[in-house]
file input-v1.pdb (PDB, C-alpha atoms)
ATOM      1  CA  MET E   1     -20.802  14.960 -28.989  1.00  0.00           C
ATOM      2  CA  VAL E   2     -17.769  16.308 -27.134  1.00  0.00           C
ATOM      3  CA  VAL E   3     -15.608  18.589 -29.250  1.00  0.00           C
ATOM      4  CA  SER E   4     -12.841  19.211 -26.713  1.00  0.00           C
ATOM      5  CA  GLN E   5     -12.289  17.862 -23.255  1.00  0.00           C
ATOM      6  CA  PRO E   6     -10.825  19.823 -20.340  1.00  0.00           C
ATOM      7  CA  LYS E   7      -7.199  19.161 -19.544  1.00  0.00           C
ATOM      8  CA  PRO E   8      -6.178  17.721 -16.161  1.00  0.00           C
ATOM      9  CA  PHE E   9      -4.728  20.242 -13.748  1.00  0.00           C
ATOM     10  CA  ILE E  10      -2.522  20.062 -10.694  1.00  0.00           C
ATOM     11  CA  VAL E  11      -3.636  21.447  -7.364  1.00  0.00           C
ATOM     12  CA  SER E  12      -0.732  22.770  -5.342  1.00  0.00           C
ATOM     13  CA  ASN E  13      -0.757  24.078  -1.810  1.00  0.00           C
ATOM     14  CA  PHE E  14       2.519  25.907  -2.295  1.00  0.00           C
ATOM     15  CA  SER E  15       2.988  29.569  -2.988  1.00  0.00           C
ATOM     16  CA  ASN E  16       5.857  31.517  -4.453  1.00  0.00           C
ATOM     17  CA  GLN E  17       7.269  32.157  -0.971  1.00  0.00           C
ATOM     18  CA  TRP E  18       9.443  30.056   1.333  1.00  0.00           C
ATOM     19  CA  SER E  19       7.187  27.783   3.383  1.00  0.00           C
ATOM     20  CA  SER E  20       9.157  28.638   6.528  1.00  0.00           C
ATOM     21  CA  GLY E  21      11.276  31.529   7.674  1.00  0.00           C
ATOM     22  CA  ILE E  22      15.044  31.652   7.883  1.00  0.00           C
ATOM     23  CA  CYS E  23      14.921  31.384  11.708  1.00  0.00           C
ATOM     24  CA  ASP E  24      12.238  28.662  11.871  1.00  0.00           C
ATOM     25  CA  CYS E  25      14.774  25.926  12.527  1.00  0.00           C
ATOM     26  CA  PHE E  26      12.702  24.491  15.376  1.00  0.00           C
ATOM     27  CA  GLU E  27       9.857  23.580  13.014  1.00  0.00           C
ATOM     28  CA  ASP E  28      11.840  20.442  12.246  1.00  0.00           C
ATOM     29  CA  LEU E  29      13.890  19.756  15.356  1.00  0.00           C
ATOM     30  CA  PRO E  30      15.645  16.575  14.106  1.00  0.00           C
ATOM     31  CA  GLN E  31      16.954  18.464  11.058  1.00  0.00           C
ATOM     32  CA  CYS E  32      18.029  21.362  13.263  1.00  0.00           C
ATOM     33  CA  CYS E  33      20.008  19.048  15.554  1.00  0.00           C
ATOM     34  CA  PHE E  34      21.530  17.195  12.587  1.00  0.00           C
ATOM     35  CA  ALA E  35      22.668  20.524  11.087  1.00  0.00           C
ATOM     36  CA  TYR E  36      24.077  21.745  14.399  1.00  0.00           C
ATOM     37  CA  TRP E  37      26.005  18.603  15.327  1.00  0.00           C
ATOM     38  CA  CYS E  38      27.249  17.550  11.897  1.00  0.00           C
ATOM     39  CA  PHE E  39      26.798  20.386   9.438  1.00  0.00           C
ATOM     40  CA  PRO E  40      28.928  18.960   6.576  1.00  0.00           C
ATOM     41  CA  CYS E  41      26.950  15.683   6.669  1.00  0.00           C
ATOM     42  CA  PHE E  42      23.663  17.629   6.797  1.00  0.00           C
ATOM     43  CA  ALA E  43      24.618  19.810   3.823  1.00  0.00           C
ATOM     44  CA  CYS E  44      25.666  16.737   1.814  1.00  0.00           C
ATOM     45  CA  ALA E  45      22.396  14.928   2.634  1.00  0.00           C
ATOM     46  CA  THR E  46      20.328  17.994   1.692  1.00  0.00           C
ATOM     47  CA  THR E  47      22.176  18.385  -1.599  1.00  0.00           C
ATOM     48  CA  SER E  48      21.608  14.717  -2.377  1.00  0.00           C
ATOM     49  CA  GLU E  49      17.853  14.993  -1.620  1.00  0.00           C
ATOM     50  CA  PHE E  50      17.718  17.913  -4.030  1.00  0.00           C
ATOM     51  CA  GLY E  51      19.222  15.714  -6.749  1.00  0.00           C
ATOM     52  CA  GLU E  52      22.696  17.211  -6.921  1.00  0.00           C
ATOM     53  CA  CYS E  53      26.077  15.588  -6.288  1.00  0.00           C
ATOM     54  CA  PHE E  54      26.349  14.348  -2.709  1.00  0.00           C
ATOM     55  CA  CYS E  55      29.855  15.800  -2.199  1.00  0.00           C
ATOM     56  CA  LEU E  56      29.130  19.248  -3.633  1.00  0.00           C
ATOM     57  CA  PRO E  57      28.935  21.039  -0.233  1.00  0.00           C
ATOM     58  CA  LEU E  58      32.441  19.851   0.601  1.00  0.00           C
ATOM     59  CA  LEU E  59      33.669  22.558  -1.770  1.00  0.00           C
ATOM     60  CA  ASP E  60      32.469  25.070   0.837  1.00  0.00           C
ATOM     61  CA  VAL E  61      34.991  23.481   3.221  1.00  0.00           C
ATOM     62  CA  LEU E  62      37.640  24.490   0.707  1.00  0.00           C
ATOM     63  CA  TRP E  63      36.107  27.985   0.777  1.00  0.00           C
ATOM     64  CA  SER E  64      36.451  28.064   4.584  1.00  0.00           C
ATOM     65  CA  THR E  65      40.101  27.091   4.281  1.00  0.00           C
ATOM     66  CA  LEU E  66      40.675  29.893   1.785  1.00  0.00           C
ATOM     67  CA  GLN E  67      39.036  32.321   4.217  1.00  0.00           C
ATOM     68  CA  LEU E  68      41.539  31.316   6.885  1.00  0.00           C
ATOM     69  CA  ALA E  69      44.358  31.895   4.412  1.00  0.00           C
ATOM     70  CA  SER E  70      43.058  35.474   3.927  1.00  0.00           C
ATOM     71  CA  VAL E  71      41.991  35.025   0.324  1.00  0.00           C
ATOM     72  CA  PRO E  72      39.394  37.750  -0.305  1.00  0.00           C
ATOM     73  CA  SER E  73      36.134  35.896  -0.756  1.00  0.00           C
ATOM     74  CA  CYS E  74      33.046  36.330   1.338  1.00  0.00           C
ATOM     75  CA  THR E  75      30.239  34.117   0.088  1.00  0.00           C
ATOM     76  CA  PRO E  76      30.318  30.316   0.234  1.00  0.00           C
ATOM     77  CA  PRO E  77      29.736  29.482  -3.439  1.00  0.00           C
ATOM     78  CA  VAL E  78      27.941  26.155  -3.037  1.00  0.00           C
ATOM     79  CA  SER E  79      25.605  27.458  -0.334  1.00  0.00           C
ATOM     80  CA  MET E  80      24.623  30.399  -2.471  1.00  0.00           C
ATOM     81  CA  SER E  81      24.215  28.366  -5.656  1.00  0.00           C
ATOM     82  CA  MET E  82      22.083  25.775  -3.844  1.00  0.00           C
ATOM     83  CA  ARG E  83      19.857  28.514  -2.465  1.00  0.00           C
ATOM     84  CA  VAL E  84      19.441  30.018  -5.941  1.00  0.00           C
ATOM     85  CA  ALA E  85      18.709  26.563  -7.396  1.00  0.00           C
ATOM     86  CA  VAL E  86      16.052  25.789  -4.748  1.00  0.00           C
ATOM     87  CA  ARG E  87      14.391  29.156  -5.379  1.00  0.00           C
ATOM     88  CA  SER E  88      14.498  28.600  -9.116  1.00  0.00           C
ATOM     89  CA  ARG E  89      13.136  25.027  -9.062  1.00  0.00           C
ATOM     90  CA  TYR E  90      10.215  25.828  -6.759  1.00  0.00           C
ATOM     91  CA  GLY E  91       9.439  29.282  -8.171  1.00  0.00           C
ATOM     92  CA  ILE E  92      10.170  31.090  -4.912  1.00  0.00           C
ATOM     93  CA  GLN E  93      10.469  34.846  -5.120  1.00  0.00           C
ATOM     94  CA  GLY E  94      13.719  36.464  -4.113  1.00  0.00           C
ATOM     95  CA  ASP E  95      16.944  37.761  -5.526  1.00  0.00           C
ATOM     96  CA  MET E  96      20.607  36.858  -5.528  1.00  0.00           C
ATOM     97  CA  MET E  97      21.435  39.662  -3.120  1.00  0.00           C
ATOM     98  CA  GLY E  98      19.214  38.089  -0.459  1.00  0.00           C
ATOM     99  CA  ASP E  99      20.679  34.670  -1.223  1.00  0.00           C
ATOM    100  CA  CYS E 100      24.160  36.093  -0.840  1.00  0.00           C
ATOM    101  CA  VAL E 101      23.339  37.653   2.540  1.00  0.00           C
ATOM    102  CA  TYR E 102      21.699  34.480   3.882  1.00  0.00           C
ATOM    103  CA  ALA E 103      24.463  32.205   2.595  1.00  0.00           C
ATOM    104  CA  THR E 104      27.161  34.428   4.080  1.00  0.00           C
ATOM    105  CA  PHE E 105      25.767  35.435   7.465  1.00  0.00           C
ATOM    106  CA  CYS E 106      23.149  32.744   8.225  1.00  0.00           C
ATOM    107  CA  ASN E 107      24.634  29.757   6.440  1.00  0.00           C
ATOM    108  CA  MET E 108      23.416  27.001   8.761  1.00  0.00           C
ATOM    109  CA  CYS E 109      19.919  28.505   9.044  1.00  0.00           C
ATOM    110  CA  SER E 110      19.839  28.907   5.265  1.00  0.00           C
ATOM    111  CA  TRP E 111      20.642  25.206   4.773  1.00  0.00           C
ATOM    112  CA  CYS E 112      17.942  24.242   7.307  1.00  0.00           C
ATOM    113  CA  GLN E 113      15.420  26.390   5.429  1.00  0.00           C
ATOM    114  CA  MET E 114      16.391  24.771   2.121  1.00  0.00           C
ATOM    115  CA  ALA E 115      16.100  21.277   3.656  1.00  0.00           C
ATOM    116  CA  ARG E 116      12.604  22.040   5.014  1.00  0.00           C
ATOM    117  CA  GLU E 117      11.538  23.409   1.625  1.00  0.00           C
ATOM    118  CA  ILE E 118      12.870  20.383  -0.265  1.00  0.00           C
ATOM    119  CA  LYS E 119      11.151  18.048   2.187  1.00  0.00           C
ATOM    120  CA  ARG E 120       7.783  19.825   1.938  1.00  0.00           C
ATOM    121  CA  ARG E 121       7.796  20.271  -1.810  1.00  0.00           C
ATOM    122  CA  SER E 122       8.929  16.753  -2.618  1.00  0.00           C
ATOM    123  CA  GLN E 123       5.717  15.295  -1.205  1.00  0.00           C
ATOM    124  CA  THR E 124       3.328  13.639  -3.618  1.00  0.00           C
ATOM    125  CA  LEU E 125       1.230  15.975  -5.742  1.00  0.00           C
ATOM    126  CA  THR E 126      -2.494  15.482  -6.144  1.00  0.00           C
ATOM    127  CA  VAL E 127      -3.544  15.297  -9.780  1.00  0.00           C
ATOM    128  CA  ILE E 128      -7.176  16.024 -10.505  1.00  0.00           C
ATOM    129  CA  ASN E 129      -8.538  14.725 -13.786  1.00  0.00           C
ATOM    130  CA  ALA E 130     -11.400  16.855 -15.067  1.00  0.00           C
ATOM    131  CA  GLN E 131     -12.357  14.357 -17.754  1.00  0.00           C
ATOM    132  CA  PRO E 132     -15.495  12.345 -17.059  1.00  0.00           C
ATOM    133  CA  ASN E 133     -15.056   8.617 -16.798  1.00  0.00           C
ATOM    134  CA  VAL E 134     -17.577   7.063 -19.151  1.00  0.00           C
ATOM    135  CA  MET E 135     -17.803   3.328 -19.026  1.00  0.00           C
ATOM    136  CA  ALA E 136     -19.313   1.595 -22.033  1.00  0.00           C
ATOM    137  CA  THR E 137     -21.495  -1.153 -20.641  1.00  0.00           C
ATOM    138  CA  GLN E 138     -24.529  -2.950 -21.897  1.00  0.00           C
ATOM    139  CA  PRO E 139     -27.782  -2.242 -20.116  1.00  0.00           C
ATOM    140  CA  ILE E 140     -28.588  -4.707 -17.421  1.00  0.00           C
ATOM    141  CA  ILE E 141     -32.157  -6.003 -17.425  1.00  0.00           C
ATOM    142  CA  MET E 142     -33.349  -7.177 -14.085  1.00  0.00           C
ATOM    143  CA  ALA E 143     -36.696  -8.908 -13.808  1.00  0.00           C
ATOM    144  CA  THR E 144     -38.371 -10.888 -11.139  1.00  0.00           C
ATOM    145  CA  GLN E 145     -40.479 -13.882 -11.990  1.00  0.00           C
ATOM    146  CA  GLN E 146     -44.115 -13.243 -11.220  1.00  0.00           C
ATOM    147  CA  ALA E 147     -46.984 -15.675 -11.087  1.00  0.00           C
ATOM    148  CA  VAL E 148     -48.145 -16.553 -14.581  1.00  0.00           C
ATOM    149  CA  ILE E 149     -51.828 -16.433 -15.383  1.00  0.00           C
ATOM    150  CA  ALA E 150     -52.637 -18.295 -18.539  1.00  0.00           C
ATOM    151  CA  SER E 151     -55.867 -18.933 -20.253  1.00  0.00           C
ATOM    152  CA  GLN E 152     -56.504 -22.354 -21.649  1.00  0.00           C
ATOM    153  CA  PRO E 153     -59.113 -23.242 -24.229  1.00  0.00           C
ATOM    154  CA  VAL E 154     -61.770 -25.546 -22.858  1.00  0.00           C
ATOM    155  CA  MET E 155     -64.388 -27.569 -24.788  1.00  0.00           C
ATOM    156  CA  THR E 156     -67.811 -27.352 -23.452  1.00  0.00           C
ATOM    157  CA  THR E 157     -70.635 -29.714 -24.070  1.00  0.00           C
ATOM    158  CA  GLN E 158     -72.044 -27.458 -26.733  1.00  0.00           C
ATOM    159  CA  GLY E 159     -68.858 -27.592 -28.811  1.00  0.00           C
ATOM    160  CA  VAL E 160     -67.970 -23.927 -28.228  1.00  0.00           C
ATOM    161  CA  LEU E 161     -64.498 -22.987 -27.326  1.00  0.00           C
ATOM    162  CA  THR E 162     -64.228 -20.812 -24.304  1.00  0.00           C
ATOM    163  CA  SER E 163     -61.328 -19.839 -22.184  1.00  0.00           C
ATOM    164  CA  ARG E 164     -60.987 -20.590 -18.575  1.00  0.00           C
ATOM    165  CA  LEU E 165     -58.514 -19.047 -16.151  1.00  0.00           C
ATOM    166  CA  MET E 166     -56.493 -21.494 -14.251  1.00  0.00           C
TER
END
call {"tool": "encode", "arguments": {"input": "input-v1.pdb", "output": "structure tokens"}}
result
Amino acid sequence: MVVSQPKPFIVSNFSNQWSSGICDCFEDLPQCCFAYWCFPCFACATTSEFGECFCLPLLDVLWSTLQLASVPSCTPPVSMSMRVAVRSRYGIQGDMMGDCVYATFCNMCSWCQMAREIKRRSQTLTVINAQPNVMATQPIIMATQQAVIASQPVMTTQGVLTSRLM
């Protein structure tokens, strides 16, 4: 009798670190080219894949305009908040100071790193079920038909019953 059964568990190949470095843009060359040639479109697509509003990165364009107008602000807010959100969702170690530095000075590389991480971590997980699969079936009886030897009573001339093998 089973009192308690083990619970299923998830096997994950991911650690609590970024799966690629900030300067590993060439690990995914199509993403790197997309980010270089059309960065606003790339940032919007990455944000959408993460499950946020598609147009959210366009607020960083407003930030760039404010920078040109000499409004004292140094960190693109959406880039930094996306980086913090990616770290938080996937349990990646780090701090807001590092996120601030990457979002400010390596913005395009930071977005490429986030896109690679989202792509790698959104792959299908393998679920392993530790519970045994017991199938309730009736026993199957298999028999082959063999030659039948039967004895048959035979009357003899003396009136005694004997058996004779056929």
call {"tool": "closest_residue", "arguments": {"input": "input-v1.pdb", "among": "E:Pro57, E:Pro77, E:Gly91, E:Gly21", "to": "Ala43 (chain E)", "atoms": "all atoms listed in the file"}}
result
E:Pro57
call {"tool": "closest_residue", "arguments": {"input": "input-v1.pdb", "among": "E:Cys32, E:Cys23, E:Val86, E:Trp63", "to": "Met114 (chain E)", "atoms": "all atoms listed in the file"}}
result
E:Val86
call {"tool": "resolve_selection", "arguments": {"input": "input-v1.pdb", "expression": "the PyMOL selection byres ((chain E and resi 121) around 12)", "output": "list in words"}}
result
Ser12, Asn13, Phe14, Ser15, Asn16, Gln17, Trp18, Ser19, Ser20, Glu49, Phe50, Val86, Arg87, Arg89, Tyr90, Gly91, Ile92, Met114, Ala115, Arg116, Glu117, Ile118, Lys119, Arg120, Ser122, Gln123, Thr124 and Leu125 of chain E
call {"tool": "atom_distance", "arguments": {"input": "input-v1.pdb", "atom1": "CA of Val61 (chain E)", "atom2": "CA of Val78 (chain E)"}}
result
9.8 Å
call {"tool": "residues_around", "arguments": {"input": "input-v1.pdb", "residues": "Pro30 (chain E)", "least_positions_apart": "5", "cutoff": "12 Å", "atoms": "only C-alpha atoms", "output": "PyMOL selection string"}}
result
chain E and resi 25+35-38+42+112+115-116
call {"tool": "atom_distance", "arguments": {"input": "input-v1.pdb", "atom1": "CA of Pro40 (chain E)", "atom2": "CA of Gly94 (chain E)"}}
result
25.5 Å
call {"tool": "closest_residue", "arguments": {"input": "input-v1.pdb", "among": "E:Leu56, E:Met97, E:Cys106, E:Val84", "to": "Cys41 (chain E)", "atoms": "only C-alpha atoms"}}
result
E:Leu56
call {"tool": "closest_residue", "arguments": {"input": "input-v1.pdb", "among": "E:Ile22, E:Cys100, E:Trp111, E:Thr65", "to": "Thr47 (chain E)", "atoms": "all atoms listed in the file"}}
result
E:Trp111
